[in-house]
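Q: For reference, this is work17.cif, and it has mmCIF, C-alpha atoms and all ligand atoms.
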```cif
data_structure
#
loop_
_atom_site.label_atom_id
_atom_site.label_comp_id
_atom_site.auth_asym_id
_atom_site.auth_seq_id
_atom_site.Cartn_x
_atom_site.Cartn_y
_atom_site.Cartn_z
CA MET N 1270 -17.45 2.38 -13.50
CA LYS N 1271 -19.61 2.14 -10.38
CA THR N 1272 -17.43 1.14 -7.44
CA LYS N 1273 -19.17 -1.15 -4.99
CA ILE N 1274 -18.46 -0.64 -1.28
CA TRP N 1275 -18.67 -3.24 1.46
CA LYS N 1276 -18.17 -2.44 5.12
CA VAL N 1277 -16.67 -5.09 7.37
CA ASP N 1278 -16.21 -3.88 10.92
CA LYS N 1279 -16.76 -6.99 12.99
CA TYR N 1280 -14.61 -10.03 12.44
CA GLY N 1281 -15.78 -13.52 13.33
CA ASP N 1282 -13.80 -16.73 12.79
CA ASN N 1283 -15.71 -17.46 9.61
CA LEU N 1284 -15.23 -14.05 7.99
CA TYR N 1285 -14.53 -15.69 4.61
CA THR N 1286 -18.17 -16.82 4.53
CA TYR N 1287 -19.63 -13.32 5.12
CA PRO N 1288 -21.72 -12.08 2.18
CA GLN N 1289 -19.58 -8.92 1.77
CA ILE N 1290 -16.39 -10.96 1.50
CA LYS N 1291 -17.99 -13.54 -0.79
CA GLU N 1292 -19.26 -10.83 -3.15
CA ALA N 1293 -15.87 -9.11 -3.24
CA ALA N 1294 -14.14 -12.48 -3.81
CA GLU N 1295 -16.56 -13.24 -6.65
CA LEU N 1296 -15.45 -10.06 -8.44
CA LEU N 1297 -11.78 -11.04 -7.96
CA LYS N 1298 -12.57 -14.41 -9.56
CA GLN N 1299 -14.05 -12.53 -12.51
CA ASN N 1300 -10.69 -10.72 -12.89
CA GLU N 1301 -12.06 -7.45 -11.54
CA VAL N 1302 -10.06 -5.18 -9.21
CA VAL N 1303 -11.05 -4.87 -5.54
CA ALA N 1304 -9.28 -2.74 -2.91
CA PHE N 1305 -9.00 -4.11 0.61
CA PRO N 1306 -7.25 -3.37 3.92
CA THR N 1307 -4.06 -5.11 5.02
CA GLU N 1308 -2.14 -4.50 8.25
CA THR N 1309 0.20 -2.10 6.39
CA VAL N 1310 -1.81 -0.08 3.84
CA TYR N 1311 -4.83 -0.70 1.61
CA GLY N 1312 -4.05 -2.88 -1.40
CA LEU N 1313 -5.45 -2.84 -4.92
CA GLY N 1314 -6.16 -6.53 -5.46
CA GLY N 1315 -6.47 -8.60 -8.59
CA ASN N 1316 -6.02 -12.22 -9.69
CA ALA N 1317 -2.22 -12.66 -9.88
CA LEU N 1318 -2.65 -15.41 -12.49
CA SER N 1319 -4.56 -13.21 -14.93
CA ASP N 1320 -3.04 -10.74 -17.41
CA GLU N 1321 -6.43 -9.10 -17.74
CA ALA N 1322 -6.80 -8.44 -13.99
CA ILE N 1323 -3.25 -7.10 -13.66
CA GLU N 1324 -3.66 -4.75 -16.61
CA LYS N 1325 -6.70 -3.30 -14.82
CA ILE N 1326 -4.62 -2.71 -11.66
CA PHE N 1327 -1.87 -0.85 -13.53
CA LYS N 1328 -4.49 1.23 -15.33
CA ALA N 1329 -6.41 2.18 -12.16
CA LYS N 1330 -3.17 3.24 -10.42
CA GLY N 1331 -1.57 4.90 -13.41
CA ARG N 1332 1.55 2.89 -12.58
CA PRO N 1333 4.39 2.15 -15.00
CA SER N 1334 4.04 -1.53 -15.92
CA ASP N 1335 7.75 -2.29 -15.35
CA ASN N 1336 7.26 -2.20 -11.57
CA PRO N 1337 6.34 -5.70 -10.29
CA LEU N 1338 3.47 -6.40 -7.88
CA ILE N 1339 3.50 -8.37 -4.63
CA VAL N 1340 1.53 -11.64 -4.60
CA HIS N 1341 -0.61 -12.05 -1.46
CA ILE N 1342 -1.51 -15.48 -0.11
CA SER N 1343 -3.53 -16.71 2.88
CA ASP N 1344 -1.73 -20.01 3.46
CA GLN N 1345 2.04 -20.56 3.67
CA GLN N 1346 1.60 -23.93 1.92
CA ASP N 1347 0.73 -22.05 -1.29
CA VAL N 1348 4.24 -20.62 -1.71
CA GLN N 1349 5.55 -23.86 -3.22
CA LYS N 1350 2.98 -23.62 -6.03
CA PHE N 1351 4.56 -20.40 -7.27
CA VAL N 1352 8.30 -20.70 -6.63
CA GLU N 1353 11.13 -23.02 -7.70
CA THR N 1354 12.63 -23.60 -4.25
CA ILE N 1355 12.22 -22.21 -0.76
CA PRO N 1356 15.68 -21.60 0.74
CA GLU N 1357 16.09 -22.33 4.47
CA LYS N 1358 16.40 -18.64 5.38
CA ALA N 1359 13.20 -17.81 3.53
CA LYS N 1360 11.41 -20.60 5.39
CA LEU N 1361 12.64 -19.22 8.73
CA LEU N 1362 11.44 -15.75 7.79
CA MET N 1363 7.98 -17.05 6.84
CA GLU N 1364 7.72 -18.95 10.11
CA SER N 1365 8.80 -15.94 12.16
CA PHE N 1366 7.04 -13.07 10.42
CA TRP N 1367 4.01 -14.43 8.53
CA PRO N 1368 1.32 -13.42 8.59
CA GLY N 1369 2.92 -9.98 8.67
CA PRO N 1370 4.56 -7.07 6.85
CA LEU N 1371 7.36 -8.99 5.11
CA THR N 1372 7.53 -9.66 1.36
CA ILE N 1373 9.93 -12.40 0.31
CA ILE N 1374 11.38 -12.45 -3.21
CA LEU N 1375 12.10 -15.92 -4.61
CA GLN N 1376 12.73 -17.53 -8.02
CA ALA N 1377 9.33 -17.95 -9.68
CA LYS N 1378 8.18 -21.21 -11.24
CA PRO N 1379 7.84 -20.21 -14.88
CA GLY N 1380 4.39 -19.93 -16.45
CA ILE N 1381 2.19 -19.76 -13.34
CA ILE N 1382 2.02 -16.20 -11.97
CA SER N 1383 1.15 -13.74 -14.76
CA GLU N 1384 4.18 -12.07 -16.35
CA LYS N 1385 2.31 -8.80 -15.88
CA THR N 1386 2.41 -9.37 -12.10
CA THR N 1387 6.18 -9.94 -12.07
CA ALA N 1388 6.82 -7.35 -14.79
CA GLY N 1389 8.60 -10.06 -16.73
CA LEU N 1390 11.18 -10.78 -13.97
CA SER N 1391 12.21 -14.36 -13.18
CA THR N 1392 11.45 -13.68 -9.49
CA VAL N 1393 8.25 -13.14 -7.56
CA GLY N 1394 7.55 -11.28 -4.29
CA ILE N 1395 5.16 -13.07 -1.94
CA ARG N 1396 3.60 -12.14 1.38
CA MET N 1397 0.90 -13.29 3.77
CA PRO N 1398 -0.78 -10.17 5.20
CA ASP N 1399 -1.77 -10.03 8.86
CA HIS N 1400 -5.30 -8.72 8.49
CA PRO N 1401 -8.51 -10.76 8.87
CA VAL N 1402 -10.20 -9.01 5.91
CA ALA N 1403 -7.25 -9.55 3.57
CA LEU N 1404 -6.77 -13.17 4.63
CA SER N 1405 -10.44 -14.09 4.32
CA LEU N 1406 -10.81 -12.35 0.98
CA ILE N 1407 -7.82 -14.25 -0.45
CA LYS N 1408 -9.16 -17.49 0.99
CA ALA N 1409 -12.67 -16.90 -0.37
CA ALA N 1410 -11.30 -16.06 -3.83
CA GLY N 1411 -9.10 -19.17 -3.78
CA LEU N 1412 -6.48 -17.26 -5.79
CA PRO N 1413 -3.11 -15.61 -5.25
CA ILE N 1414 -3.91 -11.89 -5.16
CA ALA N 1415 -1.52 -9.33 -6.63
CA ALA N 1416 -1.87 -6.05 -4.79
CA PRO N 1417 0.10 -2.82 -4.96
CA SER N 1418 -0.78 -0.07 -2.50
CA ALA N 1419 -4.20 1.34 -3.44
CA ASN N 1420 -3.05 4.92 -4.12
CA LEU N 1421 -2.75 6.68 -7.44
CA SER N 1422 0.85 6.36 -8.58
CA GLY N 1423 2.96 9.06 -6.87
CA LYS N 1424 0.58 9.70 -3.95
CA PRO N 1425 0.96 8.58 -0.32
CA SER N 1426 -0.33 5.04 0.25
CA PRO N 1427 -3.87 4.87 1.71
CA THR N 1428 -4.21 3.74 5.32
CA ASN N 1429 -7.99 4.01 5.54
CA PHE N 1430 -11.14 3.68 3.46
CA VAL N 1431 -11.57 7.41 2.76
CA HIS N 1432 -8.10 7.73 1.19
CA THR N 1433 -8.67 4.61 -0.89
CA PHE N 1434 -12.03 5.95 -2.02
CA GLN N 1435 -10.52 9.34 -2.93
CA ASP N 1436 -7.99 7.70 -5.25
CA MET N 1437 -9.98 4.76 -6.62
CA ASN N 1438 -13.71 5.58 -6.71
CA GLY N 1439 -15.03 5.04 -10.23
CA LYS N 1440 -11.85 3.26 -11.34
CA ILE N 1441 -12.29 -0.22 -9.84
CA ALA N 1442 -15.07 -2.74 -9.18
CA GLY N 1443 -15.10 -2.45 -5.40
CA ILE N 1444 -13.56 -1.44 -2.08
CA VAL N 1445 -13.81 -3.37 1.17
CA ASP N 1446 -13.93 -0.85 4.02
CA GLY N 1447 -12.17 -2.45 6.96
CA GLY N 1448 -11.27 0.70 8.89
CA GLU N 1449 -7.78 2.00 9.59
CA THR N 1450 -4.72 -0.14 8.89
CA GLY N 1451 -2.25 -0.71 11.74
CA VAL N 1452 1.41 -0.57 10.71
CA GLY N 1453 1.03 2.43 8.41
CA VAL N 1454 4.05 1.84 6.15
CA GLU N 1455 4.28 -0.95 3.58
CA SER N 1456 5.88 -4.34 4.02
CA THR N 1457 9.63 -4.84 4.10
CA VAL N 1458 10.75 -6.36 0.79
CA ILE N 1459 13.62 -8.85 1.10
CA ASP N 1460 15.26 -10.71 -1.77
CA CYS N 1461 16.11 -14.25 -0.67
CA THR N 1462 17.35 -15.55 -4.01
CA ASP N 1463 20.97 -15.18 -2.84
CA ASN N 1464 22.62 -16.79 0.17
CA ILE N 1465 22.86 -13.43 1.92
CA PRO N 1466 19.39 -11.89 1.68
CA ILE N 1467 19.10 -8.24 0.78
CA ILE N 1468 16.47 -5.74 1.90
CA LEU N 1469 15.14 -3.91 -1.17
CA ARG N 1470 12.58 -1.79 0.69
CA PRO N 1471 12.57 -1.04 4.43
CA GLY N 1472 9.13 -1.53 5.97
CA GLY N 1473 7.03 -2.96 8.78
CA VAL N 1474 9.55 -5.65 9.83
CA THR N 1475 12.88 -4.11 10.81
CA LYS N 1476 16.38 -5.18 9.72
CA GLU N 1477 17.20 -5.78 13.39
CA GLU N 1478 14.22 -8.15 13.76
CA ILE N 1479 15.17 -10.03 10.59
CA GLU N 1480 18.79 -10.42 11.69
CA THR N 1481 17.82 -11.99 15.01
CA VAL N 1482 16.23 -14.80 12.97
CA ILE N 1483 18.59 -15.38 10.01
CA GLY N 1484 21.78 -13.49 10.86
CA PRO N 1485 23.32 -10.68 8.81
CA VAL N 1486 21.44 -9.34 5.80
CA LYS N 1487 22.40 -6.63 3.35
CA ILE N 1488 20.47 -3.48 2.70
CA ASP N 1489 20.21 -2.19 -0.86
CA SER N 1490 22.99 0.37 -1.33
CA GLN N 1491 20.61 2.93 -2.81
CA ILE N 1492 18.35 2.86 0.29
CA LYS N 1493 21.37 3.22 2.52
CA GLU N 1494 22.72 6.11 0.51
CA GLU N 1495 19.32 7.83 0.39
CA VAL N 1496 18.52 7.47 4.07
CA GLU N 1497 21.97 8.36 5.35
CA ASN N 1498 22.96 10.93 2.79
CA PRO N 1499 20.04 12.09 0.63
CA ARG N 1500 21.82 14.92 -1.15
CA SER N 1501 20.43 14.72 -4.66
CA PRO N 1502 17.22 16.74 -4.67
CA GLY N 1503 14.45 15.97 -7.13
CA MET N 1504 16.34 13.35 -9.10
CA LYS N 1505 13.98 10.43 -8.61
CA TYR N 1506 10.41 10.16 -9.82
CA LYS N 1507 7.69 11.32 -7.46
CA HIS N 1508 6.49 8.96 -4.74
CA TYR N 1509 4.34 9.51 -1.62
CA ALA N 1510 4.18 13.20 -2.52
CA PRO N 1511 1.77 15.71 -1.00
CA ASN N 1512 0.32 18.31 -3.40
CA VAL N 1513 2.81 21.03 -2.42
CA PRO N 1514 6.62 20.96 -2.15
CA MET N 1515 8.14 19.60 1.03
CA VAL N 1516 11.55 19.87 2.66
CA LEU N 1517 13.06 17.69 5.39
CA VAL N 1518 15.03 19.64 7.95
CA ASP N 1519 17.68 17.78 9.88
CA GLY N 1520 18.50 19.87 12.91
CA SER N 1521 17.27 21.53 16.10
CA PRO N 1522 13.75 22.97 16.45
CA GLU N 1523 15.35 26.45 16.41
CA PHE N 1524 16.90 25.68 13.03
CA LEU N 1525 13.54 24.37 11.74
CA GLN N 1526 11.90 27.61 12.89
CA LYS N 1527 14.51 29.58 10.98
CA ILE N 1528 13.62 27.68 7.78
CA ILE N 1529 9.91 28.23 8.43
CA ASP N 1530 10.50 31.97 8.94
CA GLU N 1531 12.51 32.25 5.71
CA LYS N 1532 9.75 30.59 3.69
CA ARG N 1533 7.08 32.79 5.27
CA GLN N 1534 9.11 35.87 4.42
CA GLU N 1535 8.94 34.70 0.79
CA GLY N 1536 5.15 34.94 1.19
CA LYS N 1537 4.54 31.19 1.52
CA LYS N 1538 2.03 29.62 3.88
CA VAL N 1539 4.05 27.00 5.73
CA GLY N 1540 2.85 23.74 7.26
CA VAL N 1541 4.99 21.76 9.72
CA LEU N 1542 5.12 17.99 10.20
CA THR N 1543 6.10 17.31 13.78
CA THR N 1544 5.21 15.00 16.68
CA GLU N 1545 3.19 15.27 19.91
CA GLU N 1546 6.31 16.26 21.86
CA ARG N 1547 7.02 19.40 19.82
CA LYS N 1548 3.58 20.46 18.61
CA ASN N 1549 3.51 23.69 20.60
CA ILE N 1550 6.95 25.06 19.84
CA TYR N 1551 6.65 26.11 16.20
CA ASP N 1552 5.23 29.33 14.86
CA ALA N 1553 3.80 28.39 11.44
CA ASP N 1554 0.56 28.57 9.42
CA LYS N 1555 -0.32 24.97 10.26
CA VAL N 1556 1.24 22.39 12.55
CA LEU N 1557 0.29 18.72 12.03
CA VAL N 1558 1.16 16.05 14.56
CA CYS N 1559 2.42 12.68 13.33
CA GLY N 1560 2.61 10.33 16.32
CA ASN N 1561 5.12 10.39 19.17
CA ARG N 1562 8.83 10.75 18.58
CA ASN N 1563 9.57 8.48 21.55
CA ASN N 1564 7.55 5.67 19.89
CA LEU N 1565 8.42 5.56 16.19
CA SER N 1566 5.72 2.95 15.44
CA THR N 1567 3.12 5.66 16.06
CA VAL N 1568 4.92 7.93 13.58
CA ALA N 1569 4.83 5.14 10.96
CA GLN N 1570 1.13 4.58 11.67
CA SER N 1571 0.20 8.23 11.03
CA LEU N 1572 2.75 9.10 8.35
CA PHE N 1573 0.74 8.74 5.12
CA LYS N 1574 -2.40 10.11 6.75
CA THR N 1575 -0.51 13.21 7.87
CA LEU N 1576 1.05 13.72 4.42
CA ARG N 1577 -2.43 13.52 2.89
CA SER N 1578 -3.88 15.88 5.53
CA PHE N 1579 -1.69 18.71 4.27
CA ASN N 1580 -3.71 18.60 1.03
CA GLN N 1581 -6.75 19.76 3.01
CA GLU N 1582 -4.85 22.66 4.56
CA ASN N 1583 -4.21 26.04 3.07
CA VAL N 1584 -0.42 25.70 2.91
CA ASP N 1585 1.93 25.94 -0.02
CA TYR N 1586 5.10 24.58 1.54
CA ILE N 1587 5.72 21.79 4.06
CA VAL N 1588 8.64 21.63 6.47
CA SER N 1589 9.13 18.24 8.12
CA GLU N 1590 11.28 17.03 10.97
CA THR N 1591 13.56 14.03 10.40
CA PHE N 1592 13.66 10.80 12.44
CA PRO N 1593 16.40 8.47 13.69
CA THR N 1594 17.31 5.81 11.12
CA GLU N 1595 17.00 2.80 13.35
CA GLY N 1596 14.24 0.19 13.65
CA ILE N 1597 11.09 1.34 11.85
CA GLY N 1598 12.76 4.77 11.53
CA ILE N 1599 14.55 3.58 8.36
CA ALA N 1600 11.18 2.97 6.69
CA ILE N 1601 9.84 6.32 7.91
CA MET N 1602 12.85 8.24 6.58
CA ASN N 1603 12.80 6.30 3.30
CA ARG N 1604 9.18 7.40 2.69
CA LEU N 1605 9.76 10.98 3.87
CA ILE N 1606 12.81 11.45 1.65
CA LYS N 1607 10.81 10.30 -1.37
CA ALA N 1608 7.83 12.47 -0.37
CA ALA N 1609 10.19 15.44 -0.24
CA GLY N 1610 11.75 14.58 -3.62
CA HIS N 1611 15.13 14.25 -1.84
CA ASN N 1612 14.96 17.84 -0.67
CA VAL N 1613 16.84 17.85 2.67
CA ILE N 1614 18.46 20.72 4.58
CA TYR N 1615 21.09 20.04 7.24
CA GLU N 1616 21.90 22.27 10.16
CA ASN N 1617 25.42 20.87 10.36
O1 LIG Q 1701 2.58 -3.58 2.44
C1 LIG Q 1701 2.66 -3.79 1.22
O2 LIG Q 1701 3.60 -4.40 0.70
C2 LIG Q 1701 1.50 -3.28 0.36
C3 LIG Q 1701 0.24 -4.06 0.75
C4 LIG Q 1701 -0.93 -3.72 -0.13
O3 LIG Q 1701 0.50 -5.41 0.75
N1 LIG Q 1701 1.81 -3.44 -1.03
C5 LIG Q 1701 2.73 -2.66 -1.66
O4 LIG Q 1701 2.87 -2.92 -3.02
O5 LIG Q 1701 3.36 -1.81 -1.10
P1 LIG Q 1701 3.59 -1.92 -4.01
O6 LIG Q 1701 3.30 -2.46 -5.36
O7 LIG Q 1701 3.17 -0.52 -3.74
O8 LIG Q 1701 5.12 -2.12 -3.72
C6 LIG Q 1701 5.73 -3.34 -4.09
C7 LIG Q 1701 7.23 -3.23 -4.00
C8 LIG Q 1701 7.76 -2.39 -5.12
O9 LIG Q 1701 8.81 -1.60 -4.61
C9 LIG Q 1701 8.28 -3.43 -6.11
O10 LIG Q 1701 9.31 -2.93 -6.91
C10 LIG Q 1701 8.74 -4.53 -5.19
O11 LIG Q 1701 7.80 -4.53 -4.13
N2 LIG Q 1701 8.74 -5.86 -5.84
C11 LIG Q 1701 7.68 -6.65 -6.11
N3 LIG Q 1701 8.06 -7.78 -6.74
C12 LIG Q 1701 9.41 -7.71 -6.87
C13 LIG Q 1701 10.41 -8.57 -7.44
N4 LIG Q 1701 10.11 -9.72 -8.03
N5 LIG Q 1701 11.69 -8.16 -7.40
C14 LIG Q 1701 12.02 -6.98 -6.80
N6 LIG Q 1701 11.12 -6.13 -6.24
C15 LIG Q 1701 9.84 -6.49 -6.28
MG MG Q 1702 3.13 1.62 -3.43
#
```
Mind turning this structure into structure tokens?

A:
Amino acid sequence: MKTKIWKVDKYGDNLYTYPQIKEAAELLKQNEVVAFPTETVYGLGGNALSDEAIEKIFKAKGRPSDNPLIVHISDQQDVQKFVETIPEKAKLLMESFWPGPLTIILQAKPGIISEKTTAGLSTVGIRMPDHPVALSLIKAAGLPIAAPSANLSGKPSPTNFVHTFQDMNGKIAGIVDGGETGVGVESTVIDCTDNIPIILRPGGVTKEEIETVIGPVKIDSQIKEEVENPRSPGMKYKHYAPNVPMVLVDGSPEFLQKIIDEKRQEGKKVGVLTTEERKNIYDADKVLVCGNRNNLSTVAQSLFKTLRSFNQENVDYIVSETFPTEGIGIAIMNRLIKAAGHNVIYEN
């Protein structure tokens, strides 16, 4: 399949009337798949009402079809078309964080959103992305748009056009090139079907931010266990993975260096994932910088790009630093632990 590419680098108020956006929206209406930027990562969009479109998304990604997709909308008023009720806490969250990186799970109205989108669940995850290209594309299509991250299943999510193109060229009808995304990790997924909402995936909106708006929320026990105590290497299926094995090292830079030295003695070429602050202290075959440790948002922004960059380097093992599990740090560690296949070494 020839993948059409549109570049949108200047945003006016009437972006939804631009020819590039109209053409891309036309393909979405024809149940074709179009990738586009959001504020988190690039999404692989398709008509959420259409079985045919959703099947194409799963096929392009190589994703197991039992994993539901997020429905993207451009107008908060549309939520009521797709869900049974909107609980008060969900409404507060929409008002505080939309448009933005928060996906809210609610009870779906039966028979509207495709069962392929929800993977047959009785619930649906909805979000309004905070990106002019995404919002205008959804508006121009006049449809709810299902969109998983635009990576091949198992790879780091794409945060720019080049990464999206690498994974999707030839597999989908088009890609809207809207430059780099901002947040860098995916949306927070929160289930609001119960009175006490529960975070199913940490992401761009932090637990702390959510709790200031609706009070205490729970965090899925598996996430908690994984982030605080990820001691079961390689058990889960691959996600966010670079092409070579990776280990997270929780400890001092001296301890990290010791691990690097051991691997190099085994004859491995070792790459290090670190931050601006520590870029000059390691002796390794390659040192890649992922943001600033004193500003974790910059680490989130560069995380997937850095993981992908290792694939261009001549390394056969990656050693990564760990990050504090507060604020956006929970999302960063959640992605890193998966990228490393739960392979973590502790100094203490
Ligand atoms: O930032 C994002 O959320 C990006 C951009 C493109 O919007 N999208 C994204 O989609 O990350 P995806 O498919 O890679 O991840 C969706 C997550 C999955 O973990 C899925 O299991 C969960 O949301 N999810 C979707 N609908 C759900 C539902 N009804 N119940 C529970 N989890 C759901
Ligand atoms: Mg994904």

Q: Pick out the closest residue to Gly1439 of chain N from this set: N:Val1302, N:Cys1559, N:Val1588, N:Gln1581. Count all atoms listed in the file.

A: N:Val1302

Q: So how many Å separate atom CA of Val1402 of chain N and atom CA of Val1454 of chain N, to one decimal?

A: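 These atoms are spaced 17.9 Å apart.
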
Q: With 7 Å as the cut-off and only C-alpha atoms and all ligand atoms counted, what is the closest atom pair between each nearby residue of chain N and ligand LIG 1701 (chain Q)? Distances in Å to one decimal, ordered by chain and number, as CSV.

A:
```
residue,atom,partner,partner_atom,distance
N:Thr1307,CA,Q:LIG1701,C3,6.2
N:Thr1309,CA,Q:LIG1701,O1,4.8
N:Val1310,CA,Q:LIG1701,C3,5.4
N:Tyr1311,CA,Q:LIG1701,C4,5.2
N:Gly1312,CA,Q:LIG1701,C4,3.5
N:Leu1313,CA,Q:LIG1701,C4,6.6
N:Asn1336,CA,Q:LIG1701,O10,5.1
N:Pro1337,CA,Q:LIG1701,N3,4.5
N:Leu1338,CA,Q:LIG1701,C11,4.6
N:Ile1339,CA,Q:LIG1701,C11,4.8
N:Pro1370,CA,Q:LIG1701,O1,6.0
N:Thr1372,CA,Q:LIG1701,O2,6.6
N:Ile1374,CA,Q:LIG1701,N4,5.7
N:Thr1387,CA,Q:LIG1701,N4,5.6
N:Leu1390,CA,Q:LIG1701,N4,6.1
N:Thr1392,CA,Q:LIG1701,N4,4.4
N:Val1393,CA,Q:LIG1701,N4,3.9
N:Gly1394,CA,Q:LIG1701,N3,4.3
N:Pro1398,CA,Q:LIG1701,O3,6.6
N:Ala1416,CA,Q:LIG1701,C4,5.3
N:Pro1417,CA,Q:LIG1701,O6,3.2
N:Ser1418,CA,Q:LIG1701,O7,4.2
N:Ala1419,CA,Q:LIG1701,C4,6.9
N:Val1454,CA,Q:LIG1701,O1,6.7
N:Glu1455,CA,Q:LIG1701,O1,3.3
N:Ser1456,CA,Q:LIG1701,O1,3.7
N:Thr1457,CA,Q:LIG1701,O2,6.9
N:Val1458,CA,Q:LIG1701,O11,6.0
N:Leu1469,CA,Q:LIG1701,N6,6.8
N:Arg1470,CA,Q:LIG1701,O9,6.5
```

Q: If we count all atoms listed in the file, what is near segment 1462-1465 of chain N at a cut-off of 8 Å, once residues fewer than 4 positions away on the same chain are taken out, given as a VMD selection string?

A: chain N and resid 1356 1374 to 1376 1485 to 1487

Q: With all atoms listed in the file as the atoms that count, which of N:Val1496, N:Leu1412, N:Val1474, N:Leu1406 lies nearest to Gly1453 of chain N?

A: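 Using all atoms listed in the file, the shortest distance to Gly1453 of chain N belongs to N:Val1474.
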
Q: Which residue out of N:Ala1609, N:Leu1542, N:Met1363, N:Val1352 has the minimum interatomic distance to Pro1379 of chain N when all atoms listed in the file are used?

A: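 The closest residue to Pro1379 of chain N is N:Val1352.
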